[in-house]
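Accompanying notes for the structure given below.
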Amino acid sequence: MSIKFSGARRSVSAGLAALALAALTTGAASAAAPPTKTINTTGLKVTDSEVYVGQLHSATGTMAISETGSIQAEQLAIDQINATGGILGRKIKVIQEDGASDWPTFAEKAKKLLVQDKVAAVFGCWTSASRKAVLPVFEKENGLLYYPTFYEGLEQSKNVFYTGQEATQQIIAGLDWIAKTKGAKSFYLVGSDYIWPRTSNKIARKHIENVLHGTVVGEEYYPLGHTQFGSLINKIKLKKPDVIYSIVVGGSNVAWWKQLKAAGLTAEKQTILTISVTEDEVLGIGGENMVGHYSAMKYFESMENDNNKKFVAAFKAKYGPTAVIGDVTQAAYEGPWLWKMAVEKAGSFDVDKVVAASPNLEFTGAPEGYVKIHPNHHLWSKLVIGQWGANGQAKVLYQSGLIEPNPFPKGYQ
Amino acid sequence: MTAVKDLLKNREAVGMIVLAAIIFVILPLALDIFRLNLVGKYLTYAFVAVGLVLCWGYGGVLSLGQGVFFGLGGYCMAMFLKLEASDPVSTKIQSTPGIPDFMDWNQLTALPVFWQPFHSLTFSLIAMMVVPGLLAFIISVAMFKRRVGGVYFAIITQAIAAILTILIVGQQGYTGGVNGMTDLKTLHGWDIRTDSARYILYYACGALLFAIVFVGRFVLRSKAGKLLLAMRDKEERVRFSGYDVASFKVFVFTLAAVFSAIGGALFTLQVGFMSPSFVGIVPSIEMVIFTAVGGRASILGAIYGSLIVNYAKTFFSESFPQLWLLFMGGLFVAVVMFFPNGLAGILEQHGSKLAQLWPGRGRDAASGAAPATSPGMPAHAGNAAGEVGQLSSSARGAPSDAVTPSTVAASSAGAPARTGAAATVRAEAGI
Amino acid sequence: MDGVGVGEFGSILLMQGFNGLSVFSVLVLMALGLAIIFGQMGVINMAHGEFLTIGAYTTYMLSQLTTNYFPSAQPYYFFVAIVVSFLLGGLAGYFVELVLIRHLYKRPLDSLLATWGLSLIMQQLFRSTFGAKEVSATLPDWLLGSWQPTGTIDIPLNGLFVMALTILLTFGVWLFMYRSRAGLQMRATTQNRVIAGAVGINTARVDRMTFAIGCGIAGVAGAAFTTIGSTGPTSGSLYIVDAFLTVVFGGAQSLLGTLASAFSIAQTNSTLEFFLTGSSAKVITLLSIIIILMIRPQGLFSVKVRK
């Protein structure tokens, strides 16, 4: 059974825009389905016609703002896979659970999905905290998690595939770019007060000081949910950094950008590079407050390639023309596809076999262009710099080469 | 008199036996270990609920910061487990092996001093009760000695919960930050993640719960319990009778905090991690809701409340992931509006009717109603306070009734007063 | 501080002073409605944040409406939004009082729990109606950017606007409470409900109006906060703790107390933030509030009422 996707594009039919990506698969679906007992030896919930997977995100609570996009993207990918015959002749059935923005709830639901529902894979989690909460559960029950968010690294598990970027992939190339194009020497690091911004800024600081030979003139953290950034903005004005490097998240993000604009720190006056603003966040911030600022991501909705055009069309056909797609949404979309490829290569739903089959799988149909699974379970991916416009879309200014994921970077800890 | 007392005692005993049967026999037989582990988790909230019955239902002190104590207890336990999980071998990938992973991520190169004693299980267990107890003691002395109470006290405990959350999240090098302490594995080499360990922990949790139920009942049966009740309804009168009201409140608040802390430690053991999301305002209010649903003046009711609300939460959120908050919100509003004494209150009202209608089966019905029939339901309480107050004012001619016109009104609504019980209360209060 | 001249440093201090005032206005705006309800009626409205959200979503809807149907009205819609937010917030409050709150006056701690349940319901309703993602009202141009009196001073326009609105609203509330017949009835009811009823004041009606007005003010605050913060199903909960602390710290039943407490909290926090880090500023501010409350449990200002 082939796992090379590229050769199959001829089968794409013009009238099936919504299913275009699904059609990229080989003829596996039409082949006779192998008997259940041979492809499922560990008691997962696989029948002769169906395979069950879990979806574990926050549909309620403060994180629902961010996680809704991931829920939609995973659903889209699963629908597309089902439309072309499913996996090993089995349709994917989704059991959706609500993590309710509460980490212990994530752990409880993860356990329920693995122990009671016996799902073959779980697509889920968003924040690092929720992933940390479920990780022991997945390792103990030998489950399989596809995690979509860009995150701080420092983690590698047999049971998790990280479809977002780890910190070095997202940070280093972005800093290189801004230092080169803007001649930036002094940086002000700002973040929400938790592990991802702190670890990311730690890597950024090492890179700025040791590689770029610049200076960090300030490093500040504010509690999650903080809404008043006036004092911080004045402190920044006092230091006059070349670049503000921002990792503010959640409800604070909106307040932060609105207040930056109101304090006169527009793109003409102040260069700001952020790794925490995607199209989803801009929806809440308002494009007019983001004009001219830069985000470093691996994906923007506006990226020009055939895969992405089909993906965007399918997404909008399903969720309405006003739906937007951010970096994490795209990464979440890759999860079910990467799983499908691995299962088909392994010829089995068994977690151990799927894990063994995964390294070096290439997904040429990825909306971001191309990704490859590294043996460390992260993805080889590119870094893209986008500049925001008033319409809430980013203009792609720069795209790096493929970057090797390195969750435990030497010299950055 | 003695017959009434015996019956009450009996009913209560029956109630206890029913609960014990449910926890120790029926649930373990009916549920697989995954669900039973969930029940075990719910039971840890019942520790908090029992504490709240004492300090809120009886003492009239509403704390919206019980999560603080639950969390501190849980954290003390988690610190011990985390140290054990962070031996140099399993953490060799870190730049400093042998310290918890989150410390390594935050560039700590040595174990902080205040972590050192948590290598000892004995110390951890003591700290687990002493740290939250001490904090509760300090807070309550500061507040109650200055006669801060009611709504102010509730909001101040809320502020403390907010502050502690911000502290824990902010000092992530020492506390694990927003992620909390995860991946806890063994207790003195005993793997707490296996099914057999889960069974043992579940039973230990149930047994400890019964232990604190007995402690709680002992307190309520004692003179202090009667005074708490009297204070809740007419604090001024008790004060004028010469009692040091503040000390009783300090005692009951501290006791409730220690109960919560034990629950928190058991939570950590059963769930395998601790995070700041148990310390904040939302979980603290939720714990009050469990108590309110079960019946704020009934220890057993509060335990049922914790089980039922959490089961409902799990059930609704599994069945209606998008809409379950509507159900939960509706449940809370309905309970507060229509059943202020919670399930125990409902059973109190209807259970006794049932008992009259079907005398033969009345005892069974009443046994279910047992949570409600412990002496000192609000209905009696209003009288108890009244009696205490009237006695003291007539005896000493101190305060006039007009000063506190409305305090009793709320509590004296409800079931008909039982003069017998009230008289007992008065007699036992020694006034 | 190389590169920053004395004049520029002065400008930054000036802007920092303005920032303190701006935080003060925000605190007053979110606490005012709560203070009226809590101070006058002793009811804890945990759903206060959700009434803020009503105002925010109202502004968002009107913004969409204007952009799609009356683009020429774009610069002015915000004033309409404020008025509509007040009315909708007030209407919702009136209804909630009628159905829920009035049954709980004798149980203030219970009203806290019931309104918390209500806040869960409201959050879910927002989520079901507007989606889980945040939205953004398109602000008129005159509310964006900054006012520059000199080359180095930037005064945020949204901050100025919120400040003006706060002053206006506070003055309005003062006029209403101390210079109107309805306000007199309200104060009378607070001071002695029984006597107020005896002299012919319909105290039930007064309660309902008070609650409605408090919620209406929350709506206005929500509309104003779209200029500085986020609009989402849970946005309101970001403000609720600060609002409570402001009211309690100031001393219930005292409008002046709320103002004084908002001022001291805002200035402390904003100054500490400037010299320390954001997280430690928050902790120090909160700790000071608690310590002062332990020394002075009635809050900064308290009206002597016979209990």
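Following the order of the structure tokens, first chain is A, next is B, and so on, with residues numbered from 1 inside each chain and ligands from 1 in the order they appear.
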When the cut-off is 9 Å and we count only C-alpha atoms, which residues of chain A are near chain C, given as a compact mmCIF listing (two decimals) with N, CA and C atoms, in the first residue's frame?
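File produced: result.txt:
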# COMPACT_ATOMS: atom_id res chain seq x y z
N ALA A 59 -14.81 22.99 24.40
CA ALA A 59 -15.94 23.62 23.71
C ALA A 59 -16.53 24.72 24.57
N THR A 60 -16.17 24.71 25.86
CA THR A 60 -16.67 25.75 26.77
C THR A 60 -15.48 26.31 27.54
N GLY A 61 -15.76 27.40 28.27
CA GLY A 61 -14.71 28.02 29.06
C GLY A 61 -13.87 28.97 28.23
N THR A 62 -12.86 29.55 28.87
CA THR A 62 -12.11 30.61 28.21
C THR A 62 -11.35 30.13 26.97
N MET A 63 -10.95 28.87 26.95
CA MET A 63 -10.15 28.41 25.82
C MET A 63 -10.99 28.05 24.60
N ALA A 64 -12.31 28.04 24.74
CA ALA A 64 -13.16 27.71 23.60
C ALA A 64 -12.91 28.68 22.46
N ILE A 65 -12.54 29.91 22.81
CA ILE A 65 -12.22 30.93 21.81
C ILE A 65 -11.18 30.38 20.84
N SER A 66 -10.15 29.75 21.37
CA SER A 66 -9.06 29.30 20.53
C SER A 66 -9.30 27.92 19.94
N GLU A 67 -9.93 27.06 20.73
CA GLU A 67 -9.97 25.65 20.34
C GLU A 67 -11.06 25.32 19.32
N THR A 68 -12.03 26.24 19.18
CA THR A 68 -13.11 25.96 18.24
C THR A 68 -12.58 25.69 16.83
N GLY A 69 -11.60 26.47 16.41
CA GLY A 69 -11.03 26.29 15.08
C GLY A 69 -10.45 24.90 14.91
N ASP A 193 1.96 35.16 31.64
CA ASP A 193 2.78 34.49 32.65
C ASP A 193 2.50 32.99 32.73
N GLU A 219 12.13 42.38 29.87
CA GLU A 219 11.39 41.11 29.77
C GLU A 219 10.29 41.16 30.81
N GLU A 220 9.04 41.10 30.36
CA GLU A 220 7.91 41.32 31.27
C GLU A 220 6.84 40.26 31.09
N TYR A 221 6.24 39.84 32.21
CA TYR A 221 5.13 38.89 32.14
C TYR A 221 3.93 39.43 32.89
N TYR A 222 2.77 39.23 32.32
CA TYR A 222 1.54 39.68 32.97
C TYR A 222 0.62 38.49 33.17
N PRO A 223 -0.16 38.51 34.26
CA PRO A 223 -1.04 37.37 34.52
C PRO A 223 -1.99 37.15 33.34
N GLY A 225 -5.22 36.97 31.43
CA GLY A 225 -6.45 37.69 31.68
C GLY A 225 -6.23 39.15 32.06
N HIS A 226 -4.97 39.59 32.14
CA HIS A 226 -4.69 40.98 32.46
C HIS A 226 -5.21 41.88 31.34
N THR A 227 -5.79 43.01 31.72
CA THR A 227 -6.39 43.84 30.68
C THR A 227 -5.84 45.27 30.62
N GLN A 228 -4.92 45.61 31.50
CA GLN A 228 -4.43 47.00 31.49
C GLN A 228 -2.93 47.02 31.20
N PHE A 229 -2.57 47.48 30.01
CA PHE A 229 -1.17 47.43 29.63
C PHE A 229 -0.52 48.81 29.53
N GLY A 230 -1.19 49.84 30.05
CA GLY A 230 -0.67 51.21 29.94
C GLY A 230 0.71 51.36 30.54
N SER A 231 0.92 50.83 31.75
CA SER A 231 2.22 50.98 32.40
C SER A 231 3.31 50.31 31.59
N LEU A 232 3.01 49.13 31.09
CA LEU A 232 4.00 48.38 30.30
C LEU A 232 4.37 49.19 29.05
N ASN A 234 4.29 52.36 28.63
CA ASN A 234 5.16 53.47 28.99
C ASN A 234 6.58 53.01 29.27
N LYS A 235 6.70 51.86 29.91
CA LYS A 235 8.05 51.33 30.15
C LYS A 235 8.76 51.04 28.84
N LYS A 237 8.20 52.56 26.05
CA LYS A 237 8.57 53.84 25.44
C LYS A 237 9.86 54.38 26.05
N LEU A 238 10.05 54.09 27.31
CA LEU A 238 11.25 54.55 28.00
C LEU A 238 12.49 53.85 27.44
N LYS A 239 12.35 52.59 27.09
CA LYS A 239 13.51 51.80 26.65
C LYS A 239 13.74 51.90 25.15
N LYS A 240 12.73 52.31 24.43
CA LYS A 240 12.84 52.43 22.97
C LYS A 240 13.50 51.23 22.30
N GLY A 251 -7.54 36.50 26.36
CA GLY A 251 -8.27 37.76 26.45
C GLY A 251 -7.33 38.95 26.58
N SER A 252 -6.16 38.73 27.19
CA SER A 252 -5.18 39.81 27.32
C SER A 252 -4.71 40.32 25.97
N ASN A 253 -4.63 39.39 25.02
CA ASN A 253 -4.10 39.72 23.71
C ASN A 253 -4.84 40.90 23.08
N VAL A 254 -6.16 40.85 23.16
CA VAL A 254 -6.97 41.89 22.55
C VAL A 254 -6.69 43.23 23.21
N ALA A 255 -6.68 43.23 24.55
CA ALA A 255 -6.43 44.46 25.28
C ALA A 255 -5.05 45.02 24.93
N TRP A 256 -4.09 44.16 24.87
CA TRP A 256 -2.70 44.55 24.60
C TRP A 256 -2.58 45.25 23.25
N TRP A 257 -3.12 44.68 22.20
CA TRP A 257 -2.97 45.28 20.87
C TRP A 257 -3.80 46.54 20.72
N LYS A 258 -5.00 46.54 21.30
CA LYS A 258 -5.82 47.74 21.21
C LYS A 258 -5.13 48.90 21.93
N GLN A 259 -4.52 48.58 23.07
CA GLN A 259 -3.88 49.65 23.85
C GLN A 259 -2.57 50.10 23.22
N LEU A 260 -1.87 49.17 22.55
CA LEU A 260 -0.67 49.57 21.81
C LEU A 260 -1.03 50.60 20.74
N LYS A 261 -2.07 50.28 20.01
CA LYS A 261 -2.49 51.19 18.94
C LYS A 261 -2.89 52.55 19.53
N ALA A 262 -3.66 52.49 20.61
CA ALA A 262 -4.14 53.73 21.22
C ALA A 262 -2.99 54.56 21.79
N ALA A 263 -1.90 53.90 22.16
CA ALA A 263 -0.77 54.65 22.72
C ALA A 263 0.15 55.16 21.62
N GLY A 264 -0.26 54.98 20.39
CA GLY A 264 0.52 55.52 19.29
C GLY A 264 1.62 54.61 18.80
N LEU A 265 1.70 53.40 19.34
CA LEU A 265 2.75 52.48 18.87
C LEU A 265 2.23 51.70 17.66
N THR A 266 2.08 52.42 16.55
CA THR A 266 1.64 51.78 15.33
C THR A 266 2.85 51.21 14.60
N ASP A 280 -7.24 33.74 13.89
CA ASP A 280 -8.28 33.62 14.92
C ASP A 280 -8.22 34.76 15.91
N GLU A 281 -7.02 35.08 16.35
CA GLU A 281 -6.88 36.16 17.34
C GLU A 281 -7.22 37.50 16.72
N VAL A 282 -6.82 37.69 15.44
CA VAL A 282 -7.09 38.98 14.79
C VAL A 282 -8.59 39.25 14.73
N LEU A 283 -9.36 38.18 14.62
CA LEU A 283 -10.81 38.33 14.63
C LEU A 283 -11.27 39.09 15.87
N GLY A 284 -10.68 38.78 17.01
CA GLY A 284 -11.05 39.46 18.25
C GLY A 284 -10.37 40.80 18.41
N ILE A 285 -9.12 40.90 17.91
CA ILE A 285 -8.36 42.14 18.10
C ILE A 285 -8.87 43.22 17.16
N GLY A 286 -9.29 42.80 15.98
CA GLY A 286 -9.69 43.77 14.97
C GLY A 286 -8.51 44.07 14.06
N GLY A 287 -8.66 43.83 12.76
CA GLY A 287 -7.57 44.02 11.81
C GLY A 287 -6.98 45.41 11.89
N GLU A 288 -7.84 46.41 12.15
CA GLU A 288 -7.35 47.80 12.14
C GLU A 288 -6.32 48.04 13.24
N ASN A 289 -6.35 47.21 14.28
CA ASN A 289 -5.37 47.37 15.36
C ASN A 289 -4.07 46.62 15.09
**Prompt:** Counting only C-alpha atoms, which residues of chain C come no farther than 8 Å from chain B, as a ChimeraX atom specification?
**Reply:** /C:100,103-104,106-111,113-121,124-125,241,244-245,248,279,283,286-287,290,294-295,297-298,306-307
Exercise answer, chain A residues close to chain B, 6 Å and only C-alpha atoms, as a PDB file with N, CA and C atoms, in the first residue's frame:
ATOM      1  N   ASP A  98     -15.632  17.382  25.936  1.00  0.00           N
ATOM      2  CA  ASP A  98     -15.332  18.781  26.245  1.00  0.00           C
ATOM      3  C   ASP A  98     -14.347  18.852  27.405  1.00  0.00           C
ATOM      4  N   ALA A 129      -0.769  23.244  29.234  1.00  0.00           N
ATOM      5  CA  ALA A 129      -1.233  22.719  30.515  1.00  0.00           C
ATOM      6  C   ALA A 129      -2.150  21.521  30.298  1.00  0.00           C
ATOM      7  N   PRO A 136       0.466  11.808  31.025  1.00  0.00           N
ATOM      8  CA  PRO A 136       0.640  10.552  31.774  1.00  0.00           C
ATOM      9  C   PRO A 136      -0.443   9.525  31.446  1.00  0.00           C
TER      10      PRO A 136
END
**Message:** Neighbouring residues of Gln116 of chain A were defined as those with any atom within 10 Å, considering only C-alpha atoms; residues of the same chain fewer than 3 positions away were excluded. Please report them as a ChimeraX atom specification.
**Reply:** /A:45,109-113,119 /B:32,34-35
Put those residues in a file: C-alpha atoms, as a PDB file, in the first residue's frame.
ATOM      1  CA  LYS A  45     -12.879   0.065  19.194  1.00  0.00           C
ATOM      2  CA  LYS A 109     -11.905  12.827  29.598  1.00  0.00           C
ATOM      3  CA  ALA A 110      -8.688  11.516  28.095  1.00  0.00           C
ATOM      4  CA  LYS A 111      -8.903   8.568  30.385  1.00  0.00           C
ATOM      5  CA  LYS A 112     -12.525   8.030  29.501  1.00  0.00           C
ATOM      6  CA  LEU A 113     -11.711   8.047  25.791  1.00  0.00           C
ATOM      7  CA  VAL A 119     -10.521   4.995  20.730  1.00  0.00           C
TER       8      VAL A 119
ATOM      9  CA  ASP B  32     -15.449  -0.412  36.529  1.00  0.00           C
ATOM     10  CA  PHE B  34     -12.215   3.993  35.636  1.00  0.00           C
ATOM     11  CA  ARG B  35     -15.628   5.154  36.835  1.00  0.00           C
TER      12      ARG B  35
END
**Item:** Polymer residues at most 6 Å from segment 297-302 of chain A, only C-alpha atoms, same-chain spacing of 4 or more positions, as an NGL selection string
**Value:** :A and (325 or 327 or 368 or 382-384)
Save out the residues we just selected, N, CA and C atoms, as a tab-separated table (two decimals), in the first residue's frame.
chain	number	residue	atom	x	y	z
A	325	ILE	N	-9.00	30.88	9.23
A	325	ILE	CA	-8.16	29.72	9.53
A	325	ILE	C	-6.82	30.22	10.04
A	327	ASP	N	-3.02	29.35	12.24
A	327	ASP	CA	-1.94	28.36	12.21
A	327	ASP	C	-2.35	27.06	12.88
A	368	GLU	N	-0.04	23.87	4.40
A	368	GLU	CA	1.14	24.72	4.54
A	368	GLU	C	2.19	24.40	3.48
A	382	LYS	N	8.28	24.77	7.69
A	382	LYS	CA	8.92	26.04	7.36
A	382	LYS	C	8.44	27.12	8.33
A	383	LEU	N	9.15	28.22	8.37
A	383	LEU	CA	8.65	29.36	9.12
A	383	LEU	C	8.23	30.44	8.13
A	384	VAL	N	7.09	31.03	8.38
A	384	VAL	CA	6.56	32.05	7.48
A	384	VAL	C	6.36	33.33	8.28
